[in-house]
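Asker: Contents of work23.csv (CSV, C-alpha atoms and all ligand atoms):
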chain,number,residue,atom,x,y,z
M,1,MET,CA,235.2,105.9,169.4
M,2,GLY,CA,235.6,106.1,173.2
M,3,PHE,CA,237.6,108.7,175.2
M,4,VAL,CA,237.9,109.2,179.0
M,5,ILE,CA,239.7,112.5,179.4
M,6,PRO,CA,240.5,114.8,182.4
M,7,ARG,CA,238.1,117.7,183.0
M,8,ALA,CA,240.7,120.3,182.2
M,9,ALA,CA,241.3,118.7,178.7
M,10,PHE,CA,237.5,118.5,178.2
M,11,ASN,CA,237.2,122.2,179.0
M,12,GLN,CA,239.8,123.0,176.3
M,13,ILE,CA,237.9,120.9,173.8
M,14,ILE,CA,234.7,122.9,174.5
M,15,GLU,CA,236.6,126.2,174.2
M,16,THR,CA,237.9,125.0,170.8
M,17,LEU,CA,234.5,124.0,169.7
M,18,ALA,CA,233.1,127.4,170.8
M,19,ARG,CA,235.2,128.9,168.0
M,20,ARG,CA,233.6,126.7,165.4
M,21,TYR,CA,230.0,126.5,166.7
M,22,ARG,CA,227.5,128.5,168.7
M,23,LEU,CA,227.3,126.3,171.8
M,24,TYR,CA,223.8,126.2,173.2
M,25,ALA,CA,223.5,124.4,176.6
M,26,PRO,CA,221.5,124.4,179.9
M,27,VAL,CA,222.8,127.1,182.3
M,28,ARG,CA,221.8,128.1,185.8
M,29,LYS,CA,220.1,131.5,186.0
M,30,LYS,CA,220.5,132.5,189.6
M,31,GLY,CA,217.3,133.9,191.3
M,32,ALA,CA,215.3,133.7,188.0
M,33,GLY,CA,213.0,130.9,189.3
M,34,ARG,CA,209.4,131.0,190.5
M,35,PHE,CA,210.5,132.7,193.8
M,36,LEU,CA,213.3,135.2,194.5
M,37,ASP,CA,215.6,132.6,196.0
M,38,THR,CA,215.0,129.9,193.4
M,39,ASP,CA,217.1,129.4,190.2
M,40,VAL,CA,216.0,128.3,186.8
M,41,ILE,CA,217.9,126.1,184.4
M,42,MET,CA,217.4,127.1,180.8
M,43,TYR,CA,219.3,127.1,177.5
M,44,ASP,CA,221.6,129.9,176.6
M,45,GLU,CA,224.8,130.3,174.6
M,46,VAL,CA,228.0,129.3,176.4
M,47,THR,CA,231.7,129.4,175.6
M,48,THR,CA,233.1,127.3,178.4
M,49,ALA,CA,232.2,123.8,179.9
M,50,ASP,CA,232.0,125.3,183.4
M,51,GLU,CA,228.8,127.2,182.4
M,52,ILE,CA,227.0,124.0,181.5
M,53,VAL,CA,224.7,122.3,184.0
M,54,PHE,CA,225.3,118.6,183.7
M,55,ASP,CA,223.8,117.3,186.9
M,56,ALA,CA,220.2,118.5,186.8
M,57,LYS,CA,217.3,118.5,184.3
M,58,SER,CA,216.8,121.8,182.5
M,59,ASP,CA,213.5,123.5,183.3
M,60,TYR,CA,213.1,124.5,179.7
M,61,ALA,CA,214.0,122.6,176.6
M,62,PHE,CA,216.3,123.6,173.7
M,63,LYS,CA,213.5,124.2,171.2
M,64,GLU,CA,213.9,128.0,171.2
M,65,ALA,CA,217.1,127.5,169.1
M,66,LEU,CA,214.8,126.3,166.3
M,67,THR,CA,211.5,128.0,167.2
M,68,PRO,CA,212.3,131.2,169.0
M,69,LEU,CA,209.5,132.5,171.3
M,70,SER,CA,209.4,135.6,169.2
M,71,GLU,CA,210.8,135.6,165.7
M,72,VAL,CA,210.7,138.3,163.0
M,73,LEU,CA,209.9,136.6,159.7
M,74,PHE,CA,210.0,139.6,157.4
M,75,TYR,CA,209.7,143.4,157.1
M,76,PHE,CA,207.2,145.1,154.9
M,77,THR,CA,206.6,148.4,153.3
M,78,GLU,CA,203.8,149.5,150.9
M,79,ALA,CA,205.5,147.8,148.0
M,80,THR,CA,208.2,145.4,149.3
M,81,THR,CA,208.9,142.6,151.7
M,82,GLN,CA,212.4,141.8,153.0
M,83,GLU,CA,213.1,138.4,154.8
M,84,ALA,CA,214.6,138.9,158.2
M,85,SER,CA,218.2,137.9,158.6
M,86,PHE,CA,219.2,135.4,161.3
M,87,ASP,CA,222.3,134.1,163.0
M,88,ASN,CA,223.5,131.4,160.5
M,89,ARG,CA,226.5,130.1,162.3
M,90,PRO,CA,226.5,126.3,163.0
M,91,LEU,CA,224.9,125.4,166.3
M,92,LEU,CA,226.0,122.7,168.7
M,93,ILE,CA,223.2,121.9,171.2
M,94,PHE,CA,223.8,119.9,174.4
M,95,ALA,CA,220.7,117.8,175.0
M,96,ARG,CA,219.5,114.7,176.8
M,97,SER,CA,218.0,111.7,175.1
M,98,CYS,CA,214.4,112.7,175.5
M,99,ASP,CA,215.1,116.1,173.9
M,100,MET,CA,216.9,114.6,171.0
M,101,HIS,CA,213.8,112.5,170.4
M,102,ALA,CA,211.7,115.7,170.7
M,103,LEU,CA,213.6,117.0,167.6
M,104,LYS,CA,212.0,114.2,165.5
M,105,ARG,CA,208.5,115.5,166.6
M,106,LEU,CA,209.4,119.1,165.7
M,107,ASP,CA,210.6,117.9,162.3
M,108,GLN,CA,207.3,116.1,161.7
M,109,ILE,CA,205.3,119.2,162.6
M,110,PHE,CA,207.4,121.7,160.7
M,111,LEU,CA,208.8,119.7,157.8
M,112,GLU,CA,206.4,116.7,157.2
M,113,ASN,CA,203.0,118.2,157.9
M,114,GLY,CA,202.4,119.9,154.6
M,115,PRO,CA,204.9,122.2,152.9
M,116,GLU,CA,208.2,122.6,154.7
M,117,ASP,CA,208.4,125.6,157.0
M,118,VAL,CA,211.4,127.5,155.5
M,119,PHE,CA,212.0,129.5,158.7
M,120,TYR,CA,212.4,126.3,160.7
M,121,GLN,CA,214.3,124.5,157.9
M,122,ARG,CA,217.0,127.3,157.7
M,123,ARG,CA,217.7,126.9,161.4
M,124,ARG,CA,217.4,123.1,161.4
M,125,GLU,CA,220.2,122.8,158.8
M,126,LEU,CA,222.6,124.3,161.3
M,127,VAL,CA,221.9,122.0,164.2
M,128,ASN,CA,224.3,119.4,165.6
M,129,PHE,CA,224.0,117.7,169.0
M,130,VAL,CA,226.1,116.7,172.0
M,131,LEU,CA,224.3,114.0,173.9
M,132,MET,CA,224.2,114.5,177.7
M,133,GLY,CA,224.0,111.1,179.3
M,134,CYS,CA,221.5,110.4,182.1
M,135,ALA,CA,223.1,108.3,184.9
M,136,ASN,CA,219.9,108.7,187.0
M,137,SER,CA,216.3,109.5,186.3
M,138,PHE,CA,215.2,112.9,187.4
M,139,ASP,CA,211.9,113.8,189.2
M,140,ASN,CA,208.8,113.2,187.1
M,141,CYS,CA,210.7,111.7,184.1
M,142,PHE,CA,208.9,108.8,182.4
M,143,CYS,CA,211.1,108.4,179.3
M,144,VAL,CA,211.2,104.6,179.6
M,145,SER,CA,207.5,104.3,179.2
M,146,MET,CA,207.7,106.6,176.2
M,147,GLY,CA,210.6,104.7,174.6
M,148,THR,CA,212.9,107.8,174.6
M,149,ASN,CA,215.4,106.7,177.2
M,150,ILE,CA,218.0,105.7,174.6
M,151,ALA,CA,219.1,108.5,172.3
M,152,PRO,CA,219.1,108.4,168.5
M,153,ASP,CA,222.8,108.2,167.5
M,154,ASP,CA,223.0,111.3,165.4
M,155,TYR,CA,225.1,113.3,167.8
M,156,LEU,CA,228.7,114.4,167.4
M,157,PHE,CA,229.8,113.1,170.8
M,158,SER,CA,228.3,112.2,174.2
M,159,VAL,CA,229.3,113.5,177.6
M,160,ASP,CA,229.1,111.7,181.0
M,161,LEU,CA,230.9,113.1,184.0
M,162,THR,CA,232.4,110.1,185.9
M,163,ALA,CA,234.9,109.7,188.7
M,164,GLU,CA,237.6,108.7,186.2
M,165,GLY,CA,237.1,111.7,184.0
M,166,VAL,CA,234.7,112.9,181.2
M,167,ALA,CA,233.6,109.8,179.3
M,168,CYS,CA,232.7,110.6,175.7
M,169,ASN,CA,231.4,108.5,172.8
M,170,VAL,CA,232.6,110.3,169.7
M,171,GLN,CA,230.7,109.7,166.5
M,172,ASP,CA,232.1,112.5,164.3
M,173,GLU,CA,235.5,112.2,162.6
M,174,ALA,CA,236.4,115.8,162.8
M,175,VAL,CA,235.6,116.0,166.5
M,176,ALA,CA,237.5,112.7,167.1
M,177,ALA,CA,240.6,114.4,165.7
M,178,LEU,CA,240.2,117.1,168.3
M,179,PHE,CA,239.7,114.5,171.1
M,180,LYS,CA,242.8,112.6,170.0
M,181,ALA,CA,244.8,115.8,170.5
M,182,TYR,CA,243.8,115.8,174.2
M,183,GLY,CA,243.7,112.1,175.2
M,184,GLU,CA,244.1,108.5,174.2
M,185,GLU,CA,241.3,106.5,172.6
M,186,THR,CA,239.9,103.9,175.1
M,187,ALA,CA,237.5,101.0,174.8
M,188,ASP,CA,234.1,102.0,173.5
M,189,VAL,CA,232.0,104.3,175.8
M,190,VAL,CA,228.3,103.7,176.0
M,191,PRO,CA,226.4,106.9,176.9
M,192,ALA,CA,224.7,106.6,180.3
M,193,HIS,CA,220.9,106.1,180.0
M,194,VAL,CA,218.2,105.1,182.5
M,195,THR,CA,216.4,101.8,182.3
M,196,GLU,CA,213.7,102.6,184.8
M,197,ASN,CA,211.9,105.7,186.1
M,198,LYS,CA,209.9,106.0,189.3
M,199,VAL,CA,207.0,107.4,187.2
M,200,LYS,CA,205.5,104.9,184.8
M,201,VAL,CA,202.6,105.4,182.4
M,202,ASN,CA,200.4,103.1,180.5
M,203,LEU,CA,199.6,104.2,177.0
M,204,PRO,CA,196.3,103.3,175.4
M,205,GLU,CA,196.6,101.7,172.0
M,206,GLN,CA,193.2,103.1,171.0
M,207,VAL,CA,191.2,105.9,172.6
M,208,PRO,CA,187.5,105.3,172.2
M,209,PHE,CA,185.3,108.4,171.5
M,210,SER,CA,183.7,108.0,174.9
M,211,VAL,CA,187.0,109.3,176.5
M,212,ARG,CA,186.4,112.6,174.9
M,213,THR,CA,183.3,113.2,177.0
M,214,ASP,CA,184.5,111.3,180.1
M,215,PRO,CA,184.0,113.2,183.4
M,216,LEU,CA,187.7,112.7,184.1
M,217,TRP,CA,188.4,116.1,182.4
M,218,ASP,CA,186.1,118.0,184.8
M,219,GLU,CA,188.7,118.0,187.5
M,220,TYR,CA,191.0,120.1,185.4
M,221,THR,CA,188.3,122.7,184.6
M,222,VAL,CA,188.5,123.4,188.4
M,223,ARG,CA,192.2,122.9,189.1
M,224,CYS,CA,194.0,124.3,186.0
M,225,ILE,CA,194.4,128.1,185.9
M,226,ASN,CA,195.3,128.1,182.2
M,227,CYS,CA,198.6,129.8,182.7
M,228,GLY,CA,200.2,127.9,179.8
M,229,ARG,CA,203.5,127.1,181.6
M,230,CYS,CA,203.2,123.4,180.6
M,231,ASN,CA,203.3,124.3,176.9
M,232,PHE,CA,206.2,126.7,177.1
M,233,VAL,CA,208.5,124.1,178.9
M,234,CYS,CA,207.5,121.3,176.6
M,235,PRO,CA,210.1,120.3,174.0
M,236,THR,CA,207.4,119.2,171.6
M,237,CYS,CA,204.8,122.0,171.9
M,238,SER,CA,205.2,124.0,168.7
M,239,CYS,CA,202.1,126.2,168.2
M,240,TRP,CA,202.5,129.8,167.3
M,241,SER,CA,200.5,132.9,166.5
M,242,MET,CA,201.2,135.8,164.1
M,243,GLN,CA,201.7,139.4,165.1
M,244,ASP,CA,202.2,142.4,162.9
M,245,ILE,CA,204.2,145.3,164.5
M,246,ILE,CA,203.3,148.5,162.6
M,247,TYR,CA,205.8,151.3,162.4
M,248,THR,CA,203.8,154.0,160.7
M,249,ASP,CA,200.4,155.7,161.2
M,250,ASN,CA,199.1,154.5,157.9
M,251,GLY,CA,199.8,150.9,158.9
M,252,ASN,CA,201.7,150.0,155.7
M,253,VAL,CA,205.2,149.6,157.1
M,254,GLY,CA,206.2,147.2,159.8
M,255,GLU,CA,207.3,143.7,160.6
M,256,ARG,CA,205.6,140.3,160.9
M,257,ARG,CA,206.5,138.1,163.8
M,258,ARG,CA,205.6,134.6,164.9
M,259,VAL,CA,205.3,134.2,168.6
M,260,GLY,CA,204.8,131.1,170.8
M,261,ALA,CA,201.2,130.2,171.6
M,262,SER,CA,199.6,127.9,174.2
M,263,CYS,CA,196.6,125.7,173.7
M,264,MET,CA,195.8,126.1,177.4
M,265,VAL,CA,195.4,129.9,177.5
M,266,ASP,CA,192.4,132.1,176.6
M,267,GLY,CA,192.2,133.2,173.0
M,268,PHE,CA,194.0,130.3,171.4
M,269,THR,CA,190.9,129.1,169.6
M,270,ASP,CA,189.4,132.5,168.7
M,271,VAL,CA,188.4,132.6,165.1
M,272,ALA,CA,187.1,135.2,162.7
M,273,GLY,CA,183.4,136.0,163.3
M,274,GLY,CA,183.7,135.8,167.1
M,275,GLY,CA,183.9,132.0,167.4
M,276,SER,CA,185.8,130.5,170.3
M,277,TYR,CA,186.2,126.8,171.2
M,278,ARG,CA,187.3,124.7,174.2
M,279,LYS,CA,186.3,127.4,176.7
M,280,LYS,CA,186.6,125.0,179.7
M,281,ASN,CA,190.1,124.3,181.0
M,282,GLY,CA,189.2,120.6,181.1
M,283,GLU,CA,188.5,120.6,177.4
M,284,ARG,CA,191.8,122.3,176.8
M,285,MET,CA,193.5,119.6,178.9
M,286,ARG,CA,191.8,116.9,176.9
M,287,TYR,CA,192.9,118.4,173.6
M,288,LYS,CA,196.5,118.8,174.8
M,289,VAL,CA,196.8,115.3,176.3
M,290,LEU,CA,195.2,113.4,173.5
M,291,HIS,CA,197.3,115.3,171.0
M,292,LYS,CA,200.4,114.3,172.9
M,293,ILE,CA,199.6,110.6,173.4
M,294,TYR,CA,197.2,109.7,170.6
M,295,ASP,CA,196.4,112.1,167.8
M,296,HIS,CA,200.0,112.8,166.8
M,297,ARG,CA,200.6,109.0,166.7
M,298,GLN,CA,197.6,108.5,164.5
M,299,ARG,CA,199.2,110.9,162.0
M,300,PHE,CA,202.9,110.3,162.3
M,301,GLY,CA,203.3,106.8,164.0
M,302,ILE,CA,204.9,108.0,167.2
M,303,ASN,CA,203.7,109.7,170.3
M,304,MET,CA,204.4,113.4,170.5
M,305,CYS,CA,205.2,113.3,174.3
M,306,VAL,CA,208.7,112.2,175.1
M,307,GLY,CA,208.2,111.8,178.8
M,308,CYS,CA,210.6,114.5,180.0
M,309,GLY,CA,208.2,115.4,182.9
M,310,ARG,CA,208.8,119.1,182.6
M,311,CYS,CA,205.1,119.9,182.5
M,312,ASP,CA,204.7,118.1,185.9
M,313,ASP,CA,207.7,120.0,187.3
M,314,VAL,CA,206.4,123.4,186.3
M,315,CYS,CA,202.7,123.3,187.0
M,316,PRO,CA,201.8,125.8,189.8
M,317,GLU,CA,198.7,123.7,190.5
M,318,TYR,CA,200.6,120.4,190.9
M,319,ILE,CA,198.7,118.8,188.1
M,320,SER,CA,200.4,115.6,187.1
M,321,TYR,CA,200.3,115.0,183.4
M,322,SER,CA,201.6,111.4,183.8
M,323,ASN,CA,198.6,110.7,186.2
M,324,ILE,CA,196.3,112.0,183.5
M,325,ILE,CA,197.8,109.6,180.9
M,326,ASN,CA,197.1,106.7,183.3
M,327,LYS,CA,193.5,108.0,183.8
M,328,VAL,CA,193.1,108.1,180.0
M,329,TYR,CA,194.4,104.5,179.8
M,330,ASP,CA,191.9,103.3,182.4
M,331,ALA,CA,189.0,105.2,180.8
M,332,SER,CA,190.0,103.8,177.4
M,333,LYS,CA,189.9,100.2,178.7
M,334,GLU,CA,186.5,100.9,180.2
M,335,GLY,CA,185.2,102.4,176.9
M,336,GLU,CA,186.4,99.5,174.8
M,401,LIG,S1,200.9,124.6,183.9
M,401,LIG,FE1,199.2,123.6,185.1
M,401,LIG,S2,197.8,125.2,185.6
M,401,LIG,FE2,199.2,126.0,184.0
M,401,LIG,S3,198.0,125.6,182.1
M,401,LIG,FE3,199.4,123.8,182.4
M,401,LIG,S4,198.1,122.3,183.5
M,401,LIG,FE4,197.1,124.3,183.7
M,402,LIG,S1,203.9,116.7,177.5
M,402,LIG,FE1,205.1,117.1,179.4
M,402,LIG,S2,206.2,115.1,179.6
M,402,LIG,FE2,205.5,115.1,177.5
M,402,LIG,S3,207.2,116.1,176.3
M,402,LIG,FE3,205.8,117.8,176.9
M,402,LIG,S4,206.6,118.6,178.8
M,402,LIG,FE4,207.6,116.6,178.5
Produce structure tokens that represent the structure in this file.
Answerer:
Amino acid sequence: MGFVIPRAAFNQIIETLARRYRLYAPVRKKGAGRFLDTDVIMYDEVTTADEIVFDAKSDYAFKEALTPLSEVLFYFTEATTQEASFDNRPLLIFARSCDMHALKRLDQIFLENGPEDVFYQRRRELVNFVLMGCANSFDNCFCVSMGTNIAPDDYLFSVDLTAEGVACNVQDEAVAALFKAYGEETADVVPAHVTENKVKVNLPEQVPFSVRTDPLWDEYTVRCINCGRCNFVCPTCSCWSMQDIIYTDNGNVGERRRVGASCMVDGFTDVAGGGSYRKKNGERMRYKVLHKIYDHRQRFGINMCVGCGRCDDVCPEYISYSNIINKVYDASKEGE
């Protein structure tokens, strides 16, 4: 069902929805960027449409709604454990096509890669989406190469800000009733999506073993400073580590948290007995890149990377992940 409604009416719809759902959308945080005078666009709860940034790519993805950076799982004493409570109100997330595709990857990791992760599952059941259309490609995006430029259609409604008004494709009956209260149904609205990006990647069908020892990775041993920023902005990076926070001197009372982890930083591969693997930054890069464009596909049938380009946007060393994919493609061809 299509609607093209004035901005004021759209604002009222969003305020009505904010009473039914927790709205989670990209917002601009003034002065919170890399330098004092730069902003950052990241997800936060909103109650009005004016808070939402529609005209720029968010620096961070929505994934913290499902996998918080730090989450208390349970509390323990000597004899008992108590599962941590969480905010169980329904959630409405404003996301672009690539990020909606990222959800499928998170589901595969948390729900299909062995027993279901109950802490993920309990949040996942609450999630609904609003699709934010992409009239233009942003810097470093390569969603077309990754096949994620057209969104899955399980959203409640889509949003495109146009000269005529806010164009929405409404999929949900209950939400459609709300839209009808504010405007006339029009001809069908197709959510805006890009059909070409400036950045293009070639994906290798097969990655021969020789690529794992190819000298191409050595460059990143030198250039990468293993800060982990690329992992934290990525909508599909989902690794975590466990932390016990102890309240008492005897160590028997406390809480267990899971916290976000990065395969690019020191300590990620430390194991009991003092072992540690992938000590070179180039080896970490190899592990990350091949996981994103090959190993996940071998297991689940689709690439993990959705081509959002955020890792390129954020890297302080200007390392281009899309360039690396193309280098892996060339090395794979040579190795065949
Ligand atoms: S953001 Fe750049 S420098 Fe930092 S870990 Fe990732 S690739 Fe390395
Ligand atoms: S690897 Fe980079 S381009 Fe791919 S989904 Fe993650 S942040 Fe986006």
Asker: Kindly compile the residues surrounding ligand LIG 401 (chain M) within 6 Å, counting all atoms listed in the file, and format them as a PDB file with C-alpha atoms, in the frame of the given file.
Answerer:
ATOM      1  CA  CYS M 224     194.000 124.300 186.000  1.00  0.00           C
ATOM      2  CA  ILE M 225     194.400 128.100 185.900  1.00  0.00           C
ATOM      3  CA  ASN M 226     195.300 128.100 182.200  1.00  0.00           C
ATOM      4  CA  CYS M 227     198.600 129.800 182.700  1.00  0.00           C
ATOM      5  CA  GLY M 228     200.200 127.900 179.800  1.00  0.00           C
ATOM      6  CA  ARG M 229     203.500 127.100 181.600  1.00  0.00           C
ATOM      7  CA  CYS M 230     203.200 123.400 180.600  1.00  0.00           C
ATOM      8  CA  MET M 264     195.800 126.100 177.400  1.00  0.00           C
ATOM      9  CA  CYS M 315     202.700 123.300 187.000  1.00  0.00           C
ATOM     10  CA  PRO M 316     201.800 125.800 189.800  1.00  0.00           C
ATOM     11  CA  GLU M 317     198.700 123.700 190.500  1.00  0.00           C
ATOM     12  CA  ILE M 319     198.700 118.800 188.100  1.00  0.00           C
TER      13      ILE M 319
END
Asker: Could you give me the residues within 10 Å of ligand LIG 402 (chain M), counting all atoms listed in the file, as an mmCIF file with C-alpha atoms, in the coordinates of the input?
Answerer:
data_model
loop_
_atom_site.group_PDB
_atom_site.id
_atom_site.type_symbol
_atom_site.label_atom_id
_atom_site.label_comp_id
_atom_site.auth_asym_id
_atom_site.auth_seq_id
_atom_site.Cartn_x
_atom_site.Cartn_y
_atom_site.Cartn_z
ATOM 1 C CA ASP M 59 213.500 123.500 183.300
ATOM 2 C CA TYR M 60 213.100 124.500 179.700
ATOM 3 C CA ALA M 61 214.000 122.600 176.600
ATOM 4 C CA CYS M 98 214.400 112.700 175.500
ATOM 5 C CA ASP M 99 215.100 116.100 173.900
ATOM 6 C CA HIS M 101 213.800 112.500 170.400
ATOM 7 C CA ALA M 102 211.700 115.700 170.700
ATOM 8 C CA ARG M 105 208.500 115.500 166.600
ATOM 9 C CA ASN M 140 208.800 113.200 187.100
ATOM 10 C CA CYS M 141 210.700 111.700 184.100
ATOM 11 C CA PHE M 142 208.900 108.800 182.400
ATOM 12 C CA CYS M 143 211.100 108.400 179.300
ATOM 13 C CA MET M 146 207.700 106.600 176.200
ATOM 14 C CA ARG M 229 203.500 127.100 181.600
ATOM 15 C CA CYS M 230 203.200 123.400 180.600
ATOM 16 C CA ASN M 231 203.300 124.300 176.900
ATOM 17 C CA PHE M 232 206.200 126.700 177.100
ATOM 18 C CA VAL M 233 208.500 124.100 178.900
ATOM 19 C CA CYS M 234 207.500 121.300 176.600
ATOM 20 C CA PRO M 235 210.100 120.300 174.000
ATOM 21 C CA THR M 236 207.400 119.200 171.600
ATOM 22 C CA CYS M 237 204.800 122.000 171.900
ATOM 23 C CA LYS M 288 196.500 118.800 174.800
ATOM 24 C CA VAL M 289 196.800 115.300 176.300
ATOM 25 C CA HIS M 291 197.300 115.300 171.000
ATOM 26 C CA LYS M 292 200.400 114.300 172.900
ATOM 27 C CA ILE M 293 199.600 110.600 173.400
ATOM 28 C CA ASN M 303 203.700 109.700 170.300
ATOM 29 C CA MET M 304 204.400 113.400 170.500
ATOM 30 C CA CYS M 305 205.200 113.300 174.300
ATOM 31 C CA VAL M 306 208.700 112.200 175.100
ATOM 32 C CA GLY M 307 208.200 111.800 178.800
ATOM 33 C CA CYS M 308 210.600 114.500 180.000
ATOM 34 C CA GLY M 309 208.200 115.400 182.900
ATOM 35 C CA ARG M 310 208.800 119.100 182.600
ATOM 36 C CA CYS M 311 205.100 119.900 182.500
ATOM 37 C CA ASP M 312 204.700 118.100 185.900
ATOM 38 C CA ASP M 313 207.700 120.000 187.300
ATOM 39 C CA VAL M 314 206.400 123.400 186.300
ATOM 40 C CA SER M 320 200.400 115.600 187.100
ATOM 41 C CA TYR M 321 200.300 115.000 183.400
ATOM 42 C CA SER M 322 201.600 111.400 183.800
ATOM 43 C CA ILE M 325 197.800 109.600 180.900
#
Asker: Fewer than 4 positions away in the same chain doesn't count, so skip those; otherwise give me all residues within 6 Å of stretch 116-128 of chain M, counting all atoms listed in the file, as a list of chain:residue names.
Answerer: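 Final neighbour list, sorted by chain and number: M:Leu66, M:Pro90, M:Leu91, M:Leu92, M:Phe110, M:Leu111.
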Asker: Mind giving me the straight-line distance from atom CA of M:Ile52 to atom CA of M:Phe179 in Å, one decimal?
Answerer: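 A separation of 19.0 Å between them.
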Asker: Would you pick out the contacts of M:Asn136 at 12 Å or less, using all atoms listed in the file, so that residues sharing its chain but fewer than 5 positions from it are not included, and give the list as a ChimeraX atom specification?
Answerer: /M:54-57,96,141-143,149,160,192-198
Asker: Identify, on the basis of all atoms listed in the file, every residue whose closest approach to M:Val40 does not exceed 9 Å; exclude the query and any residue fewer than 6 positions from it along the same chain; express the result as a list in words.
Answerer: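 My reading of the contact set: Val27, Arg28, Lys29, Lys30, Gly31, Ala32, Gly33, Arg34, Ser58, Asp59 and Tyr60 of chain M.
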Asker: M:Val222: which residues within 8 Å, counting only C-alpha atoms, same-chain residues fewer than 3 positions away excluded, as a list in words?
Answerer: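 After dropping sequence-adjacent residues, the list is Asp218, Glu219, Ile225, Asn281 and Gly282 of chain M.
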Asker: Could those selected residues go to a file with C-alpha atoms, as a short mmCIF file (atom, residue, chain, number, x, y, z; two decimals), in the frame of the given file?
Answerer:
data_model
loop_
_atom_site.label_atom_id
_atom_site.label_comp_id
_atom_site.auth_asym_id
_atom_site.auth_seq_id
_atom_site.Cartn_x
_atom_site.Cartn_y
_atom_site.Cartn_z
CA ASP M 218 186.10 118.00 184.80
CA GLU M 219 188.70 118.00 187.50
CA ILE M 225 194.40 128.10 185.90
CA ASN M 281 190.10 124.30 181.00
CA GLY M 282 189.20 120.60 181.10
#
Asker: Could you state the separation of atom CA of M:Phe3 and atom CA of M:Cys168 in Å, given to one decimal place?
Answerer: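 So the two atoms, atom CA of M:Phe3 and atom CA of M:Cys168, lie 5.3 Å apart.
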Asker: Atom CA of M:Ile150 and atom CA of M:Asn11 are how many Å apart?
Answerer: 25.7 Å
Asker: When you look at M:Ala8 with a cut-off of 12 Å (counting all atoms listed in the file), what residues show up, excluding the ones that are within fewer than 4 positions of it in the same chain? I need them as a count of residues only.
Answerer: 12
Asker: Looking at M:Gln108, M:Tyr21, M:Ser332, M:Tyr155, which one is nearest to M:Ile302, with distances taken over only C-alpha atoms?
Answerer: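 When distances to M:Ile302 are compared using only C-alpha atoms, the smallest one comes from M:Gln108.
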Asker: From the options M:Lys327, M:Ala272, M:Arg212, M:Phe129, which residue's atoms come nearest to M:Arg284, counting only C-alpha atoms?
Answerer: M:Arg212
Asker: Any chance you could work out the axis-aligned box around stretch 130-137 of chain M, listed atoms only, 5 Å on each side, giving centre and edge lengths in Å to one decimal, as lines of an AutoDock Vina configuration file?
Answerer:
center_x = 221.2
center_y = 112.5
center_z = 179.5
size_x = 19.8
size_y = 18.4
size_z = 25.0
Asker: Between M:Ala18, M:Ile246, M:Leu23, M:Leu131, which is the closest to M:Val159 once you count all atoms listed in the file?
Answerer: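 Of M:Ala18, M:Ile246, M:Leu23, M:Leu131, the one nearest M:Val159, counting all atoms listed in the file, is M:Leu131.
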